[in-house]
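Asker: One structure is given below, represented as structure tokens, and several questions about it will come after.
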Amino acid sequence: MTSLLGKSRYLICFYMMIAIFSTLSFSVFLSMYERAGILHDGISQDSILVRFDSSNESLIVNDFLNVLKESEPDNFLIYRDSFDANIRSFYLWNHEFPLEMNWLEDETDIETGIVLIDKVLFANARYEDGRYYLWYRGYDYQVIGTFQLDVISGGTPLFFPMDLESPLFGIYVVDGLSIEAISSSVQQLQELDSNLTVQLIPLERTFADRMLIVVQASFFVVISLVLALIFIGLGTMTHTVAWMELRQNEIDVRYLVGATTKRIQRWLLKEYVFIISGSFIFGCFISFLIWQTGLFHIIMPDFHLLGIGFAFMLCLVLGVLTEGISTQLNGRKRGVLRKEKAR
Amino acid sequence: MKEQFYLSMHDLWNRKKNVLSLLLQMTLTFLLIQFIFNAVFELQNLRQEVGRLTEVQDMYFLLDVSTTEQFFQAFEPENIEKVISFFEFIFENESFKALPLQTNTFLPPDERFDAFEGNMGSTMSFMYATSLLEALFDLNTISGRFFNETDYVNHYDYIPVVLGFDFMDAFEVGDIFEDSFHGYLENFKVIGFLEQNSTYVDLMSSWHFQSLDRVMLRPLNQNHSLDVSYFLIPLSKIYVIPESTDQMREIVTYSDELGLFSFMFRNMNDQLELLSEERMMWIQSQLFLTGLITILTLVSFTISLLQFIDKKRHEFGIHYLVGARNKDISFRIAFQVIPFLIVGSLIRIGLLNQMDYGWLTMGISLLLSILICLIPLVRMSNLNLSALIRWRIT
């Protein structure tokens with residue numbers, strides 16, 4: 001054992017470094033992937049986009065809300081989009097406003113004439129008679145709260161309460177209800193208006209969408225990581241070959257007493273996997289300590305267990321492949337494979 | 001020492017595949033270190049610049065929240081008076097200062113511009129200049145002069161323009177060229193060239209310093225207006241330095257009263273904080289990546305050198321027996337790192353085509369090279385002669 005560890009000290013150092021690199025990188029990547037799933041304006045990934053394309057205008061927003069209120073569960077949030085990218089209207093049913101609020105006035109009814117605004121636009125409001133007012137497109141609105149938008153993903157800066165008496169057609173985002181519940185509510189509306197056409201689109205981002213966001217947002221980081229992985233692969237190959245050269249005498253003796261390349265490969269692999277696993281545990285512990293320092297808290301808020309799993313898989317695959325290739329190369333170099341074939 | 005250098009090159013040649021991989025690794029590390037320095041110092045400079053701009057008075061950006069209908073309404077002939085009225089209210093108001101920072105493109109049919117292709121083929125960028133632009137961003141000319149007070153007011157047959165530094169290769173002060181704008185012919189006369197690396201800051205568009213080296217400045221002078229778009233272009237991106245926040249509300253209210261545009265305003269300090277936070281995320285990912293790849297390089301190199309020492313122990317032993325000193329063998333090992341340092345740095349300079357903070361990157365690269373040699377040299381000095389000649393590996 002001491003001899004094995006002595007001869008494998010460089011390999012152990014190298015695998016520890018790979019473990020630190022891959023564990024931290026996968027954790028960062030998973031954090032980025034999680035972030036890519038976050039939708040604007042605080043809505044969850046289960047939100048559904050509802051698009052009412054045509055109607056005879058007999059239906060109003062309130063009709064839609066009334067049928068939704070009969071659904072389960074008994075709480076939801078609806079945004080209605082307008083042609084103006086700066087504003088969204090909202091309706092809350094037993095639901096809290098989903099964005100992080102800097103302040104919110106107590107006991108203020110959410111009705112027409114109020115507005116919630118992005119903190120950075122609060123300077124636009126004027127103070128009058130103990131209240132804040134925002135002058136927006138020729139009208140005064142009472143500011144009842146300010147919120148903090150996510151720095152990276154951004155969002156809508158102004159939220160007005162939904163006009164319940166306005167015609168129904170338009171685009172809505174419903175959060176809190178399943179697509180089935182919304183679909184059955186919509187069917188009730190279609191019974192009232194046969195001309196009503198509706199589209200329901202889940203807003204959850206697919207794996208491909210999220211990967212695309214990650215790559216687009218951090219193209220440079222992803223490219224560098226891929227390059228680093230290639231270097232790791234090349235480095236592993238070099239160090240494994242050197243490790244095998246150190247053990248050449250043992251290998252030769254085993255060949256002399258009748259071992260085949262396959263058996264040699266299996267024996268080396270067993271020891272190699274042992275080295276990888278031991279190094280990985282130490283490397284993983286060091287990466288945990290690095291994460292604990294909080295140096296990279298913005299890009300790596302969590303230490304992902306899944307990241308450790310991926311990292312171990314990477315080390316294992318890399319190890320098995322390089323060990324296999326190295327043994328084959330070694331056998332070929334020494335002419336053992338040719339002799340075995342001839343036999 | 002010459003022999004040791006030759007031997008070390010020979011050692012590298014014998015491990016060429018490994019050397020190539022290590023060289024690429026080293027180069028990537030140097031590039032990442034350079035990126036980190038660039039990002040950190042640019043952020044620091046930007047903070048200083050915005051701090052300087054807002055030191056005395058707050059600076060605000062007018063955020064256009066007009067609808068598409070409002071936008072098209074502004075082009076209606078009956079609204080031109082309103083547009084001019086708002087233009088004058090913003091840019092000729094004595095109670096606050098306003099700065100248009102919209103960059104626009106034009107397509108001058110002059111072959112002298114062919115060598116300065118912009119992002120969209122041969123289109124060139126221009127900006128409207130005011131005396132505030134000159135004062136805020138400390139713009140100076142390297143040749144000719146900047147605009148004077150009369151350039152912003154008088155009507156000339158030739159519109160005076162100041163060109164960015166790069167245009168000095170093709171133009172001279174006094175040169176004349178023409179451009180067709182919406183079917184109208186405009187004649188320009190070069191009155192000066194900006195100093196090299198003249199920049200301005202437009203925080204609402206980007207956290208980068210914007211270069212003026214390939215931009216044409218023309219004075220904001222409504223006597224040279226040809227149609228309504230002359231007024232609308234500068235109105236599309238306005239920075240204001242008011243006496244108080246109330247003046248910002250006055251602008252918003254006046255615009256609403258005219259029924260033309262809807263605006264909100266944003267303090268540039270808030271914007272800087274947001275941008276800094278966003279930028280910090282980028283810097284942190286860079287730092288993280290650079291840190292990991294640097295450690296990877298360090299470990300790979302060190303292990304590679306240690307393996308080399310193990311492999312060459314017997315040879316080193318013979319060298320010692322025939323009179324070599326510790327210093328000679330140490331040089332042979334240290335010399336192996338120097339080509340990586342030189343070639344890696346040259347590739348970095350060649351690829352990034354810049355030397356900003358290059359000396360810092362070079363310093364870090366040198367430190368990295370020393371660290372790489374450290375463990376192998378300590379190991380070498382700890383080996384005694386009998387240990388060296390007792391074993392023969394390979």
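Letters for chains follow the order of the structure tokens (A, B, ...), residue numbers begin at 1 for each chain, and ligand numbers begin at 1 in the order shown.
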Taking only C-alpha atoms into account, produce a table as CSV in which each residue of chain A with an atom at most 6 Å from an atom of chain B appears once, together with its shortest atom pair and the distance in Å to one decimal, ordered by chain and rising number.
Answerer:
```
residue,atom,partner,partner_atom,distance
A:Leu121,CA,B:Arg266,CA,5.9
A:Arg137,CA,B:Ser262,CA,5.8
A:Gly138,CA,B:Asp256,CA,5.9
```
Asker: Using only C-alpha atoms, which protein or nucleic acid residues come within 6 Å of Tyr158 in chain B? Drop anything in the same chain fewer than 6 positions from it, and give the result as a PyMOL selection string.
Answerer: chain B and resi 187-189
Asker: Save the residues we just selected, N, CA, C and O atoms, as a PDB file, in the first residue's frame?
Answerer:
```pdb
ATOM      1  N   ASN B 187     -23.125  69.460 -46.512  1.00  0.00           N
ATOM      2  CA  ASN B 187     -21.683  69.619 -46.723  1.00  0.00           C
ATOM      3  C   ASN B 187     -20.988  69.793 -45.384  1.00  0.00           C
ATOM      4  O   ASN B 187     -21.462  70.554 -44.534  1.00  0.00           O
ATOM      5  N   PHE B 188     -19.904  69.063 -45.231  1.00  0.00           N
ATOM      6  CA  PHE B 188     -19.180  69.116 -43.954  1.00  0.00           C
ATOM      7  C   PHE B 188     -17.757  69.617 -44.174  1.00  0.00           C
ATOM      8  O   PHE B 188     -17.151  69.334 -45.216  1.00  0.00           O
ATOM      9  N   LYS B 189     -17.271  70.302 -43.178  1.00  0.00           N
ATOM     10  CA  LYS B 189     -15.884  70.778 -43.247  1.00  0.00           C
ATOM     11  C   LYS B 189     -15.171  70.345 -41.958  1.00  0.00           C
ATOM     12  O   LYS B 189     -15.672  70.597 -40.856  1.00  0.00           O
TER      13      LYS B 189
END
```
Asker: DSSP on the backbone, alpha helix (DSSP H) only: what residues of range 62-187 of chain A does that give? Format it as an MDAnalysis selection string.
Answerer: chainID A and resid 62:69 179:187
Asker: Any chance you can output those residues with N, CA, C and O atoms as a short mmCIF file (atom, residue, chain, number, x, y, z; two decimals), in the first residue's frame?
Answerer:
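Produced file again-v8.cif, reproduced below:
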```cif
data_model
loop_
_atom_site.label_atom_id
_atom_site.label_comp_id
_atom_site.auth_asym_id
_atom_site.auth_seq_id
_atom_site.Cartn_x
_atom_site.Cartn_y
_atom_site.Cartn_z
N ASN A 62 -63.05 40.38 -15.87
CA ASN A 62 -63.66 39.86 -14.65
C ASN A 62 -64.29 38.48 -14.85
O ASN A 62 -64.28 37.64 -13.94
N ASP A 63 -64.83 38.23 -16.07
CA ASP A 63 -65.43 36.92 -16.36
C ASP A 63 -64.36 35.83 -16.24
O ASP A 63 -64.60 34.76 -15.69
N PHE A 64 -63.20 36.13 -16.78
CA PHE A 64 -62.08 35.17 -16.74
C PHE A 64 -61.66 34.91 -15.29
O PHE A 64 -61.50 33.77 -14.86
N LEU A 65 -61.55 36.00 -14.53
CA LEU A 65 -61.13 35.87 -13.13
C LEU A 65 -62.15 35.06 -12.33
O LEU A 65 -61.78 34.21 -11.51
N ASN A 66 -63.41 35.30 -12.61
CA ASN A 66 -64.46 34.58 -11.86
C ASN A 66 -64.40 33.07 -12.08
O ASN A 66 -64.55 32.30 -11.14
N VAL A 67 -64.16 32.66 -13.33
CA VAL A 67 -64.09 31.21 -13.57
C VAL A 67 -62.80 30.62 -12.97
O VAL A 67 -62.79 29.48 -12.51
N LEU A 68 -61.73 31.43 -12.97
CA LEU A 68 -60.47 30.93 -12.37
C LEU A 68 -60.61 30.76 -10.85
O LEU A 68 -60.05 29.85 -10.26
N LYS A 69 -61.39 31.64 -10.25
CA LYS A 69 -61.55 31.60 -8.78
C LYS A 69 -62.24 30.31 -8.33
O LYS A 69 -62.12 29.90 -7.18
N ILE A 179 -52.32 23.74 -15.81
CA ILE A 179 -52.83 23.97 -17.18
C ILE A 179 -54.23 23.36 -17.35
O ILE A 179 -55.09 23.89 -18.05
N GLU A 180 -54.47 22.23 -16.63
CA GLU A 180 -55.78 21.58 -16.70
C GLU A 180 -56.85 22.49 -16.09
O GLU A 180 -57.94 22.65 -16.65
N ALA A 181 -56.53 23.08 -14.94
CA ALA A 181 -57.50 23.96 -14.26
C ALA A 181 -57.82 25.17 -15.14
O ALA A 181 -58.99 25.55 -15.28
N ILE A 182 -56.79 25.72 -15.76
CA ILE A 182 -57.01 26.90 -16.62
C ILE A 182 -57.82 26.49 -17.85
O ILE A 182 -58.75 27.18 -18.26
N SER A 183 -57.48 25.33 -18.39
CA SER A 183 -58.16 24.85 -19.58
C SER A 183 -59.66 24.66 -19.31
O SER A 183 -60.51 25.06 -20.12
N SER A 184 -59.96 24.10 -18.16
CA SER A 184 -61.39 23.88 -17.86
C SER A 184 -62.09 25.23 -17.62
O SER A 184 -63.24 25.41 -18.00
N SER A 185 -61.39 26.19 -17.04
CA SER A 185 -61.99 27.52 -16.85
C SER A 185 -62.25 28.19 -18.21
O SER A 185 -63.29 28.82 -18.42
N VAL A 186 -61.29 28.02 -19.09
CA VAL A 186 -61.41 28.63 -20.42
C VAL A 186 -62.59 28.03 -21.19
O VAL A 186 -63.32 28.72 -21.90
N GLN A 187 -62.79 26.70 -21.00
CA GLN A 187 -63.93 26.04 -21.68
C GLN A 187 -65.26 26.67 -21.25
O GLN A 187 -66.17 26.83 -22.04
#
```
Asker: Can you pull out every residue from range 32-119 of chain A that DSSP, working from the backbone, puts in strand (DSSP E or B), and format the result as a VMD selection string?
Answerer: chain A and resid 48 to 54 60 76 to 81 87 to 93 100 to 104 114 to 118
Asker: Rounded to one decimal, what separation in Å do you get between CA of Val201 in chain B and CA of Val215 in chain B?
Answerer: 14.1 Å
Asker: Nearest residue to Phe335 in chain B out of B:Phe316, B:Phe35, B:Tyr152, B:Phe5, using only C-alpha atoms?
Answerer: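 Checking each candidate against Phe335 in chain B, we get B:Phe5 as the closest.
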Asker: Taking 2 positions as the minimum chain separation for residues in the same chain, which residues sit within 7 Å of range 233-237 of chain A when counting only C-alpha atoms? Answer as an NGL selection string.
Answerer: (:A and (229-231 or 239-241 or 318 or 322)) or (:B and (21 or 300))
Asker: When distances are computed from only C-alpha atoms, which of B:Val153, B:Ile142, B:Ile370, B:Val228 shows the smallest separation from Ser198 in chain B?
Answerer: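 Closest to Ser198 in chain B of all the choices is B:Ile142.
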Asker: Please tabulate, as JSON lines, the residues of range 232-288 of chain B that come within 8 Å of range 78-97 of chain B, each with its closest pair of atoms and the distance in Å to one decimal, counting only C-alpha atoms and ordering rows by chain, then residue number upward.
Answerer:
```
{"residue": "B:Leu232", "atom": "CA", "partner": "B:Val83", "partner_atom": "CA", "distance": 7.5}
{"residue": "B:Leu235", "atom": "CA", "partner": "B:Phe87", "partner_atom": "CA", "distance": 7.0}
{"residue": "B:Val240", "atom": "CA", "partner": "B:Lys97", "partner_atom": "CA", "distance": 5.7}
{"residue": "B:Ile241", "atom": "CA", "partner": "B:Lys97", "partner_atom": "CA", "distance": 5.1}
{"residue": "B:Pro242", "atom": "CA", "partner": "B:Phe96", "partner_atom": "CA", "distance": 4.6}
{"residue": "B:Glu243", "atom": "CA", "partner": "B:Phe96", "partner_atom": "CA", "distance": 6.2}
{"residue": "B:Gln247", "atom": "CA", "partner": "B:Phe96", "partner_atom": "CA", "distance": 7.7}
{"residue": "B:Ile251", "atom": "CA", "partner": "B:Ile90", "partner_atom": "CA", "distance": 7.7}
{"residue": "B:Tyr254", "atom": "CA", "partner": "B:Phe86", "partner_atom": "CA", "distance": 8.0}
{"residue": "B:Ser255", "atom": "CA", "partner": "B:Phe86", "partner_atom": "CA", "distance": 6.9}
{"residue": "B:Leu258", "atom": "CA", "partner": "B:Lys82", "partner_atom": "CA", "distance": 6.4}
{"residue": "B:Leu260", "atom": "CA", "partner": "B:Val83", "partner_atom": "CA", "distance": 7.5}
```
Asker: Emit the selected residues as a short mmCIF file (atom, residue, chain, number, x, y, z; two decimals), in the first residue's frame, including C-alpha atoms.
Answerer:
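Below is the file selection.cif, written as the result:
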```cif
data_model
loop_
_atom_site.label_atom_id
_atom_site.label_comp_id
_atom_site.auth_asym_id
_atom_site.auth_seq_id
_atom_site.Cartn_x
_atom_site.Cartn_y
_atom_site.Cartn_z
CA LEU B 232 -35.81 63.57 -32.82
CA LEU B 235 -34.11 63.65 -28.14
CA VAL B 240 -29.75 65.88 -17.77
CA ILE B 241 -27.89 67.65 -14.97
CA PRO B 242 -30.61 69.55 -13.11
CA GLU B 243 -30.44 71.92 -10.15
CA GLN B 247 -36.73 70.05 -12.68
CA ILE B 251 -39.46 67.94 -18.01
CA TYR B 254 -43.96 69.42 -20.01
CA SER B 255 -43.51 66.53 -22.40
CA LEU B 258 -47.28 68.59 -25.34
CA LEU B 260 -45.56 63.96 -27.58
#
```
